[in-house]
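As stored in model.csv (CSV, C-alpha atoms):
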chain,number,residue,atom,x,y,z
A,7,MET,CA,37.9,-0.8,-147.4
A,8,ILE,CA,40.5,1.4,-149.0
A,9,ASP,CA,42.8,-1.6,-149.7
A,10,ILE,CA,39.9,-3.4,-151.5
A,11,GLY,CA,39.5,-0.3,-153.7
A,12,LEU,CA,43.2,-0.1,-154.4
A,13,LEU,CA,43.3,-3.9,-155.2
A,14,LEU,CA,40.3,-3.4,-157.6
A,15,PHE,CA,42.2,-0.5,-159.4
A,16,LEU,CA,45.3,-2.8,-159.6
A,17,LEU,CA,43.2,-5.4,-161.3
A,18,VAL,CA,41.7,-2.9,-163.8
A,19,VAL,CA,45.2,-1.5,-164.6
A,20,ALA,CA,46.6,-5.0,-165.0
A,21,ILE,CA,43.9,-6.0,-167.5
A,22,ALA,CA,44.4,-2.7,-169.3
A,23,ILE,CA,48.2,-3.4,-169.6
A,24,VAL,CA,47.5,-6.8,-171.2
A,25,LYS,CA,44.9,-5.4,-173.6
A,26,VAL,CA,46.6,-2.2,-174.8
A,27,ARG,CA,48.7,-2.4,-177.9
A,28,ASP,CA,50.3,1.0,-177.7
A,29,LEU,CA,53.6,0.4,-175.8
A,30,PHE,CA,53.8,4.0,-174.5
A,31,ALA,CA,50.4,3.7,-173.0
A,32,ALA,CA,51.5,0.3,-171.5
A,33,ALA,CA,54.6,2.0,-169.9
A,34,MET,CA,52.4,4.7,-168.4
A,35,LEU,CA,49.9,2.1,-167.1
A,36,PHE,CA,52.9,0.2,-165.5
A,37,ALA,CA,53.8,3.4,-163.7
A,38,ILE,CA,50.2,3.7,-162.4
A,39,TYR,CA,50.3,0.1,-161.4
A,40,SER,CA,53.5,0.8,-159.3
A,41,LEU,CA,52.0,3.9,-157.8
A,42,LEU,CA,48.9,1.9,-156.7
A,43,SER,CA,51.2,-0.7,-155.2
A,44,ALA,CA,53.0,2.0,-153.4
A,45,ALA,CA,49.7,3.3,-152.0
A,46,LEU,CA,48.9,-0.2,-150.9
A,47,PHE,CA,52.2,-0.5,-149.1
A,48,ALA,CA,51.6,2.9,-147.5
A,49,VAL,CA,48.1,1.7,-146.3
A,50,LEU,CA,49.9,-1.3,-144.7
A,51,ASP,CA,52.2,1.1,-142.8
A,52,ALA,CA,55.3,-0.1,-144.8
A,53,GLY,CA,56.7,3.4,-145.4
A,54,ASP,CA,60.1,2.3,-146.6
A,55,VAL,CA,58.7,-0.2,-149.1
A,56,ALA,CA,56.2,2.3,-150.4
A,57,LEU,CA,58.9,4.9,-150.9
A,58,THR,CA,61.0,2.4,-152.8
A,59,GLU,CA,58.1,1.2,-154.9
A,60,ALA,CA,57.2,4.8,-155.8
A,61,ALA,CA,60.8,5.9,-156.6
A,62,VAL,CA,62.0,2.7,-158.4
A,63,GLY,CA,58.8,1.2,-159.7
A,64,ALA,CA,56.9,4.3,-160.8
A,65,GLY,CA,59.9,6.5,-161.4
A,66,PHE,CA,63.0,4.8,-162.6
A,67,SER,CA,61.6,1.7,-164.3
A,68,THR,CA,59.2,4.0,-166.3
A,69,ILE,CA,62.2,6.1,-167.5
A,70,LEU,CA,64.1,3.0,-168.5
A,71,VAL,CA,61.1,1.5,-170.4
A,72,LEU,CA,60.7,4.8,-172.2
A,73,ALA,CA,64.4,4.9,-173.0
A,74,VAL,CA,64.1,1.5,-174.5
A,75,LEU,CA,60.9,2.5,-176.4
A,76,ALA,CA,62.8,5.3,-178.0
A,77,LEU,CA,64.9,2.6,-179.6
A,78,ALA,CA,62.1,0.2,-180.4
A,79,ARG,CA,58.8,0.6,-182.2
A,80,ARG,CA,55.7,2.1,-180.6
A,81,TYR,CA,53.1,-0.5,-181.3
A,82,GLU,CA,53.2,-4.2,-180.3
A,83,HIS,CA,53.2,-6.8,-183.1
A,84,PRO,CA,49.7,-8.4,-183.2
A,85,THR,CA,50.0,-12.1,-182.5
A,86,GLY,CA,47.2,-14.1,-184.0
A,87,GLY,CA,45.2,-16.9,-182.3
A,88,HIS,CA,45.0,-18.1,-178.7
A,89,ASN,CA,47.5,-20.4,-177.0
A,90,LEU,CA,45.1,-22.7,-175.1
A,91,LEU,CA,48.0,-24.6,-173.5
A,92,ALA,CA,49.3,-21.4,-172.0
A,93,LEU,CA,45.9,-20.5,-170.8
A,94,PHE,CA,45.5,-23.9,-169.2
A,95,VAL,CA,48.9,-23.6,-167.4
A,96,VAL,CA,48.1,-20.1,-166.2
A,97,GLY,CA,44.7,-21.1,-165.0
A,98,VAL,CA,45.9,-24.2,-163.1
A,99,THR,CA,48.8,-22.2,-161.5
A,100,GLY,CA,46.5,-19.4,-160.5
A,101,ALA,CA,44.0,-21.8,-159.0
A,102,ALA,CA,46.7,-23.6,-157.1
A,103,LEU,CA,48.0,-20.3,-155.7
A,104,ILE,CA,44.6,-19.2,-154.6
A,105,TYR,CA,44.0,-22.7,-153.0
A,106,ALA,CA,47.4,-22.2,-151.2
A,107,THR,CA,46.3,-18.9,-149.7
A,108,LEU,CA,43.7,-20.8,-147.7
A,109,ASP,CA,46.5,-22.4,-145.7
A,110,LEU,CA,48.2,-19.1,-144.9
A,111,PRO,CA,47.9,-17.9,-141.3
A,112,GLU,CA,45.5,-15.1,-140.6
A,113,PHE,CA,46.8,-11.7,-141.7
A,114,GLY,CA,48.5,-9.8,-138.9
A,115,ALA,CA,47.9,-12.5,-136.2
A,116,ALA,CA,50.2,-12.3,-133.2
A,117,ASP,CA,51.3,-16.0,-133.4
A,118,ASN,CA,52.2,-16.0,-137.1
A,119,PRO,CA,55.6,-17.6,-137.8
A,120,ALA,CA,56.9,-14.2,-139.1
A,121,GLN,CA,56.0,-12.6,-135.7
A,122,ILE,CA,57.6,-15.2,-133.4
A,123,HIS,CA,61.0,-15.7,-135.0
A,124,VAL,CA,63.6,-12.9,-135.0
A,125,GLY,CA,60.9,-10.1,-135.5
A,126,PRO,CA,60.3,-9.6,-131.7
A,127,HIS,CA,64.0,-9.4,-131.1
A,128,TYR,CA,64.5,-6.6,-133.7
A,129,ILE,CA,61.4,-4.8,-132.5
A,130,GLU,CA,62.5,-4.9,-128.8
A,131,GLN,CA,66.3,-4.5,-129.3
A,132,SER,CA,66.9,-2.2,-132.3
A,133,TYR,CA,66.2,1.0,-130.3
A,134,PRO,CA,68.3,0.1,-127.2
A,135,ASP,CA,71.0,-1.3,-129.4
A,136,MET,CA,71.3,1.6,-131.8
A,137,GLY,CA,69.1,4.4,-130.8
A,138,VAL,CA,67.6,4.4,-134.3
A,139,PRO,CA,63.9,4.8,-134.4
A,140,ASN,CA,63.4,3.4,-137.9
A,141,MET,CA,63.7,-0.3,-137.4
A,142,VAL,CA,63.9,-0.9,-141.1
A,143,ALA,CA,67.0,1.1,-141.4
A,144,ALA,CA,68.5,-0.6,-138.3
A,145,VAL,CA,67.8,-4.1,-139.8
A,146,LEU,CA,68.9,-3.1,-143.3
A,147,ALA,CA,72.1,-1.3,-142.5
A,148,SER,CA,73.3,-3.0,-139.2
A,149,TYR,CA,71.7,-6.4,-138.4
A,150,ARG,CA,71.7,-7.4,-142.1
A,151,SER,CA,74.6,-5.3,-143.2
A,152,ILE,CA,76.3,-7.9,-145.3
A,153,ASP,CA,73.1,-8.6,-147.3
A,154,THR,CA,72.8,-4.9,-148.1
A,155,MET,CA,76.4,-4.8,-149.2
A,156,GLY,CA,75.6,-7.6,-151.6
A,157,GLU,CA,72.7,-5.5,-153.0
A,158,VAL,CA,75.0,-2.5,-153.6
A,159,PHE,CA,77.4,-4.7,-155.5
A,160,VAL,CA,74.5,-6.2,-157.5
A,161,ILE,CA,73.5,-2.6,-158.5
A,162,PHE,CA,77.1,-1.8,-159.4
A,163,ALA,CA,77.2,-5.0,-161.5
A,164,ALA,CA,74.0,-3.9,-163.2
A,165,ALA,CA,75.7,-0.7,-164.4
A,166,LEU,CA,78.7,-2.8,-165.7
A,167,GLY,CA,76.3,-5.1,-167.5
A,168,VAL,CA,74.4,-2.4,-169.2
A,169,TYR,CA,77.7,-0.7,-170.1
A,170,ALA,CA,79.1,-4.0,-171.5
A,171,LEU,CA,75.9,-4.4,-173.7
A,172,LEU,CA,75.5,-0.9,-174.9
A,173,SER,CA,79.1,0.2,-175.4
A,174,VAL,CA,79.3,-1.7,-178.6
A,175,LYS,CA,78.4,0.7,-181.4
A,176,PRO,CA,75.3,-0.2,-183.4
A,177,ARG,CA,76.0,-1.4,-186.9
A,178,ARG,CA,73.7,-1.6,-189.9
A,179,ARG,CA,73.0,-5.1,-191.2
A,180,GLN,CA,75.2,-5.6,-194.3
A,181,PHE,CA,73.1,-8.4,-195.8
A,182,VAL,CA,69.5,-9.4,-195.9
A,183,LEU,CA,68.7,-12.5,-194.0
A,184,PRO,CA,66.4,-15.1,-195.6
A,185,ARG,CA,62.8,-14.9,-194.5
A,186,ARG,CA,62.1,-17.3,-191.7
A,187,PRO,CA,60.5,-17.1,-188.3
A,188,ARG,CA,62.9,-15.6,-185.8
A,189,SER,CA,62.7,-14.2,-182.3
A,190,GLY,CA,60.9,-10.9,-181.8
A,191,LYS,CA,64.0,-8.9,-181.1
A,192,ALA,CA,65.8,-9.8,-184.3
A,193,ARG,CA,62.6,-9.1,-186.3
A,194,ASP,CA,62.3,-5.6,-184.8
A,195,GLU,CA,65.8,-4.7,-185.8
A,196,ASP,CA,65.2,-5.8,-189.4
A,197,ASP,CA,62.1,-3.7,-189.6
A,198,GLU,CA,64.0,-0.6,-188.5
A,199,SER,CA,66.8,-1.0,-191.0
B,15,MET,CA,61.8,19.4,-175.2
B,16,THR,CA,64.5,21.9,-174.7
B,17,ASP,CA,62.6,24.8,-176.3
B,18,ASN,CA,59.4,24.4,-174.2
B,19,GLY,CA,59.4,27.4,-171.8
B,20,ILE,CA,56.9,26.0,-169.4
B,21,LEU,CA,58.9,22.8,-168.9
B,22,ARG,CA,62.1,24.7,-168.5
B,23,ILE,CA,60.7,27.0,-165.8
B,24,ILE,CA,58.8,24.2,-163.9
B,25,ALA,CA,61.9,21.9,-164.0
B,26,ARG,CA,64.1,24.7,-162.8
B,27,PHE,CA,61.7,25.3,-159.9
B,28,LEU,CA,61.2,21.6,-159.1
B,29,ILE,CA,64.8,20.2,-159.3
B,30,PRO,CA,66.1,21.9,-156.1
B,31,PHE,CA,63.2,20.5,-154.1
B,32,ILE,CA,63.7,17.0,-155.6
B,33,MET,CA,67.4,17.2,-154.6
B,34,LEU,CA,66.5,18.5,-151.1
B,35,PHE,CA,64.0,15.7,-150.6
B,36,GLY,CA,66.7,13.2,-151.8
B,37,LEU,CA,69.1,14.5,-149.2
B,38,TYR,CA,66.4,14.5,-146.6
B,39,ILE,CA,65.6,10.8,-147.0
B,40,GLN,CA,69.3,10.0,-147.2
B,41,PHE,CA,70.3,11.6,-143.9
B,42,HIS,CA,67.0,11.3,-142.1
B,43,GLY,CA,66.6,7.7,-143.0
B,44,GLU,CA,67.1,6.4,-139.4
B,45,TYR,CA,64.2,8.5,-138.2
B,46,SER,CA,61.7,8.3,-141.0
B,47,PRO,CA,61.1,6.0,-144.0
B,48,GLY,CA,64.0,6.2,-146.4
B,49,GLY,CA,67.6,5.4,-146.8
B,50,GLY,CA,70.4,5.2,-149.4
B,51,PHE,CA,68.5,3.2,-152.0
B,52,GLN,CA,65.5,5.6,-152.2
B,53,ALA,CA,67.6,8.7,-151.8
B,54,GLY,CA,69.9,7.6,-154.6
B,55,ILE,CA,67.0,7.1,-156.9
B,56,VAL,CA,65.4,10.5,-156.0
B,57,VAL,CA,68.6,12.4,-156.5
B,58,ALA,CA,69.2,10.7,-159.8
B,59,ALA,CA,65.6,11.4,-160.8
B,60,GLY,CA,66.3,15.1,-160.3
B,61,TRP,CA,69.3,14.9,-162.5
B,62,ILE,CA,67.4,12.9,-165.1
B,63,LEU,CA,64.6,15.5,-165.2
B,64,PHE,CA,67.3,18.1,-165.8
B,65,ALA,CA,68.8,16.0,-168.6
B,66,LEU,CA,65.4,15.4,-170.2
B,67,ILE,CA,64.6,19.1,-170.4
B,68,TYR,CA,68.0,20.6,-171.1
B,69,GLY,CA,69.6,17.7,-173.0
B,70,LEU,CA,72.1,15.0,-172.0
B,71,LYS,CA,75.0,17.3,-172.9
B,72,ALA,CA,74.0,19.9,-170.3
B,73,GLY,CA,73.4,17.1,-167.8
B,74,LEU,CA,76.9,15.7,-168.3
B,75,GLU,CA,78.3,19.2,-167.7
B,76,VAL,CA,76.7,19.1,-164.3
B,77,ILE,CA,78.4,15.7,-163.5
B,78,PRO,CA,80.9,14.3,-166.0
B,79,GLU,CA,80.5,10.7,-167.0
B,80,LYS,CA,83.9,9.9,-165.7
B,81,ALA,CA,82.9,11.2,-162.3
B,82,MET,CA,79.9,8.9,-162.3
B,83,TYR,CA,82.1,5.8,-162.9
B,84,TRP,CA,84.4,6.8,-160.0
B,85,LEU,CA,81.5,7.7,-157.6
B,86,ALA,CA,79.6,4.4,-158.4
B,87,ALA,CA,82.7,2.4,-157.5
B,88,ALA,CA,83.5,4.7,-154.5
B,89,GLY,CA,80.0,4.2,-153.0
B,90,ALA,CA,80.4,0.4,-153.1
B,91,LEU,CA,84.0,0.8,-151.7
B,92,ILE,CA,82.9,3.0,-148.9
B,93,TYR,CA,80.5,0.2,-147.8
B,94,ALA,CA,83.1,-2.5,-148.1
B,95,LEU,CA,85.9,-0.5,-146.5
B,96,THR,CA,83.6,0.3,-143.5
B,97,GLY,CA,83.6,-3.4,-142.9
B,98,VAL,CA,87.3,-3.6,-143.3
B,99,ALA,CA,87.7,-0.8,-140.8
B,100,SER,CA,85.6,-2.6,-138.3
B,101,VAL,CA,87.8,-5.7,-138.7
B,102,LEU,CA,90.9,-3.6,-138.2
B,103,LEU,CA,89.5,-2.1,-135.0
B,104,GLY,CA,89.0,-5.6,-133.6
B,105,GLY,CA,85.4,-6.3,-134.4
B,106,ARG,CA,83.7,-8.6,-137.0
B,107,TYR,CA,83.1,-7.6,-140.6
B,108,LEU,CA,80.6,-4.7,-140.6
B,109,ASP,CA,80.2,-4.9,-136.9
B,110,PHE,CA,79.7,-1.2,-136.1
B,111,TYR,CA,80.3,-1.7,-132.3
B,112,ALA,CA,83.9,-1.7,-133.3
B,113,PHE,CA,83.8,2.0,-133.8
B,114,GLU,CA,82.9,2.5,-130.1
B,115,ALA,CA,86.4,3.6,-129.4
B,116,PHE,CA,85.7,7.0,-131.1
B,117,PHE,CA,82.3,7.6,-129.5
B,118,ASN,CA,80.8,7.9,-126.1
B,119,THR,CA,78.1,5.3,-126.5
B,120,PRO,CA,77.7,2.1,-128.5
B,121,GLN,CA,74.5,3.6,-130.0
B,122,ALA,CA,76.5,6.4,-131.5
B,123,ALA,CA,79.0,3.9,-133.0
B,124,GLN,CA,76.1,2.0,-134.6
B,125,GLN,CA,74.6,5.2,-135.9
B,126,PHE,CA,78.0,6.3,-137.4
B,127,GLY,CA,78.2,2.9,-139.1
B,128,ILE,CA,74.7,3.1,-140.4
B,129,ILE,CA,75.0,6.6,-141.8
B,130,THR,CA,78.4,5.8,-143.4
B,131,VAL,CA,77.2,2.6,-145.2
B,132,GLU,CA,73.9,4.3,-146.2
B,133,PHE,CA,75.9,7.2,-147.7
B,134,GLY,CA,77.8,4.6,-149.8
B,135,VAL,CA,74.6,3.0,-150.9
B,136,GLY,CA,73.1,6.4,-151.9
B,137,LEU,CA,76.2,7.3,-153.9
B,138,THR,CA,76.3,4.0,-155.8
B,139,VAL,CA,72.6,3.9,-156.5
B,140,ALA,CA,72.4,7.6,-157.7
B,141,THR,CA,75.4,7.3,-160.1
B,142,VAL,CA,74.4,3.9,-161.4
B,143,VAL,CA,70.9,5.2,-162.3
B,144,MET,CA,72.4,8.2,-164.0
B,145,LEU,CA,74.9,6.0,-165.9
B,146,ILE,CA,72.2,3.6,-167.1
B,147,TYR,CA,70.1,6.6,-168.3
B,148,THR,CA,73.2,8.0,-170.1
B,149,PHE,CA,73.9,4.7,-171.8
B,150,PHE,CA,70.4,4.4,-173.2
B,151,VAL,CA,70.2,8.0,-174.4
B,152,ARG,CA,73.5,7.8,-176.1
B,153,ARG,CA,72.4,4.5,-177.7
B,154,LYS,CA,69.5,6.4,-179.2
B,155,SER,CA,71.7,9.1,-180.7
B,156,GLU,CA,74.2,6.5,-182.0
B,157,TRP,CA,71.3,4.5,-183.6
B,158,ASP,CA,69.9,7.6,-185.3
B,159,GLU,CA,73.3,8.3,-186.7
B,160,VAL,CA,73.6,4.8,-188.1
B,161,MET,CA,70.1,5.2,-189.7
B,162,ARG,CA,71.0,8.6,-191.2
B,163,GLY,CA,74.2,7.0,-192.7
B,164,SER,CA,72.1,4.2,-194.2
B,165,ASP,CA,69.7,6.7,-195.8
B,166,ALA,CA,72.5,8.6,-197.5
B,167,GLU,CA,73.8,5.5,-199.2
In structure tokens, how does this file's structure come out?
Amino acid sequence: MIDIGLLLFLLVVAIAIVKVRDLFAAAMLFAIYSLLSAALFAVLDAGDVALTEAAVGAGFSTILVLAVLALARRYEHPTGGHNLLALFVVGVTGAALIYATLDLPEFGAADNPAQIHVGPHYIEQSYPDMGVPNMVAAVLASYRSIDTMGEVFVIFAAALGVYALLSVKPRRRQFVLPRRPRSGKARDEDDES
Amino acid sequence: MTDNGILRIIARFLIPFIMLFGLYIQFHGEYSPGGGFQAGIVVAAGWILFALIYGLKAGLEVIPEKAMYWLAAAGALIYALTGVASVLLGGRYLDFYAFEAFFNTPQAAQQFGIITVEFGVGLTVATVVMLIYTFFVRRKSEWDEVMRGSDAE
């Protein structure tokens, strides 16, 4: 019951994000969306994922989006007309995905493929192997340690990437480009200068 | 935001608790939900709150930017070198049973390995988050400077 309510709220917030033109409001709505997802994970007893979603999705992503918004304009450019082809593609993909869910095994059933592969081994062995009650920590840091090391290096690389992009000092455009349709990013910069 | 008294007092009150919670989910991560990734973000969030209220300059006095670069690399290296250490002790890469020589039980060796690599994860995540925030805030002030220069022309 409570997850149906949360999913309903998620839907409302998602539609609001699409509709709203004020980007600050959209950033806040995204934070609410992440917080609702975190609540949903908590309902599913996935404490570690809920904590991550709340900290990264609702917290850090929002700060990053706000930091970018400080550099960009507050309101979205209105785009005229409807793209029927895009609507068609989205509709067909969505229908296909919903159709595919009919083939999924029953939620939480004991004979699901996820429950009969390595899962039972981790559940039975992680405490005798390591004496660590939190199985997620045991899998993350020990059984799948090399994967986690890769994640750490990805995060480190992200910092290097942002540094490489933003360490170049911003420069005012010296000349006015001729008026022709360009990508949204370039147009925004022109408007600022 | 630096001159708003309510924000200053509330932030001063909240930041120690945020940091304490970060340390809790870092070092209690094998017992309860949590671990290096979440703890790093929470600790960095405490610092970002401080930098938001008191300004980036005050934030960088708490932890200099240079220290962040070093710590971000150090966290990743702690992780990788734990693996190298396990190889040198005769195990496979990141096989924590190799540390059994120093402990009474294999479980203790595993826990030592988990806590060490999670500490590395937390260090890298916290400093990377702080660094990215610093880059963006600095970009904003640089951008404002360029704009001011163009107005004067």
Mind dumping a table of every chain B residue within 6 Å of chain A, with the nearest atom pair and its distance in Å to one decimal, using only C-alpha atoms, sorted by chain and rising number, as JSON lines?
{"residue": "B:Glu44", "atom": "CA", "partner": "A:Asn140", "partner_atom": "CA", "distance": 5.0}
{"residue": "B:Tyr45", "atom": "CA", "partner": "A:Asn140", "partner_atom": "CA", "distance": 5.2}
{"residue": "B:Pro47", "atom": "CA", "partner": "A:Asp54", "partner_atom": "CA", "distance": 4.6}
{"residue": "B:Gly48", "atom": "CA", "partner": "A:Asp54", "partner_atom": "CA", "distance": 5.5}
{"residue": "B:Gln52", "atom": "CA", "partner": "A:Thr58", "partner_atom": "CA", "distance": 5.6}
{"residue": "B:Gln121", "atom": "CA", "partner": "A:Met136", "partner_atom": "CA", "distance": 4.2}
{"residue": "B:Gln124", "atom": "CA", "partner": "A:Met136", "partner_atom": "CA", "distance": 5.6}
{"residue": "B:Ile128", "atom": "CA", "partner": "A:Ala147", "partner_atom": "CA", "distance": 5.5}
{"residue": "B:Val142", "atom": "CA", "partner": "A:Ala165", "partner_atom": "CA", "distance": 5.6}
{"residue": "B:Lys154", "atom": "CA", "partner": "A:Leu77", "partner_atom": "CA", "distance": 6.0}
Practice item. Compile the contact shell of range 59-70 of chain B as a ChimeraX atom specification: residues with an atom at most 12 Å away, counting all atoms listed in the file, same-chain residues fewer than 6 positions apart removed. Key: /A:60-62,64-70,72-73 /B:15-37,52-53,76-79,139-155
Check your understanding: In Å, how far is it from CA of Ile104 in chain A to CA of Arg27 in chain A?
Key -> 29.0 Å
Check your understanding: Which residue, A:Glu82, A:Glu112, A:Leu103, A:Val96, has the smallest gap to Lys25 in chain A when you use only C-alpha atoms?
Key ->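 Checking each of A:Glu82, A:Glu112, A:Leu103, A:Val96 against Lys25 in chain A, counting only C-alpha atoms, the winner is A:Glu82.
In this structure, CA of Gly86 in chain A sits 14.7 Å away from CA of Val24 in chain A.
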Check your understanding: With distances taken over all atoms listed in the file, which of B:Ala88, B:Met161, B:Ala58, B:Phe133 is nearest to Gly73 in chain B?
Key -> B:Ala58
Practice item. Considering all atoms listed in the file, state which residue in the set A:Leu29, A:Ala20, A:Leu35, A:Leu12 is at the smallest distance from His83 in chain A. Key: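 Result for the nearest residue to His83 in chain A: A:Leu29.
CA of Tyr39 in chain A sits 9.0 Å away from CA of Leu17 in chain A.
Applying the 7 Å criterion to (81.1, 1.2, -143.1) in file coordinates and using all atoms listed in the file, one obtains the residues Ile92, Tyr93, Ala94, Leu95, Thr96, Gly97, Leu108, Gly127, Thr130 and Val131 of chain B.
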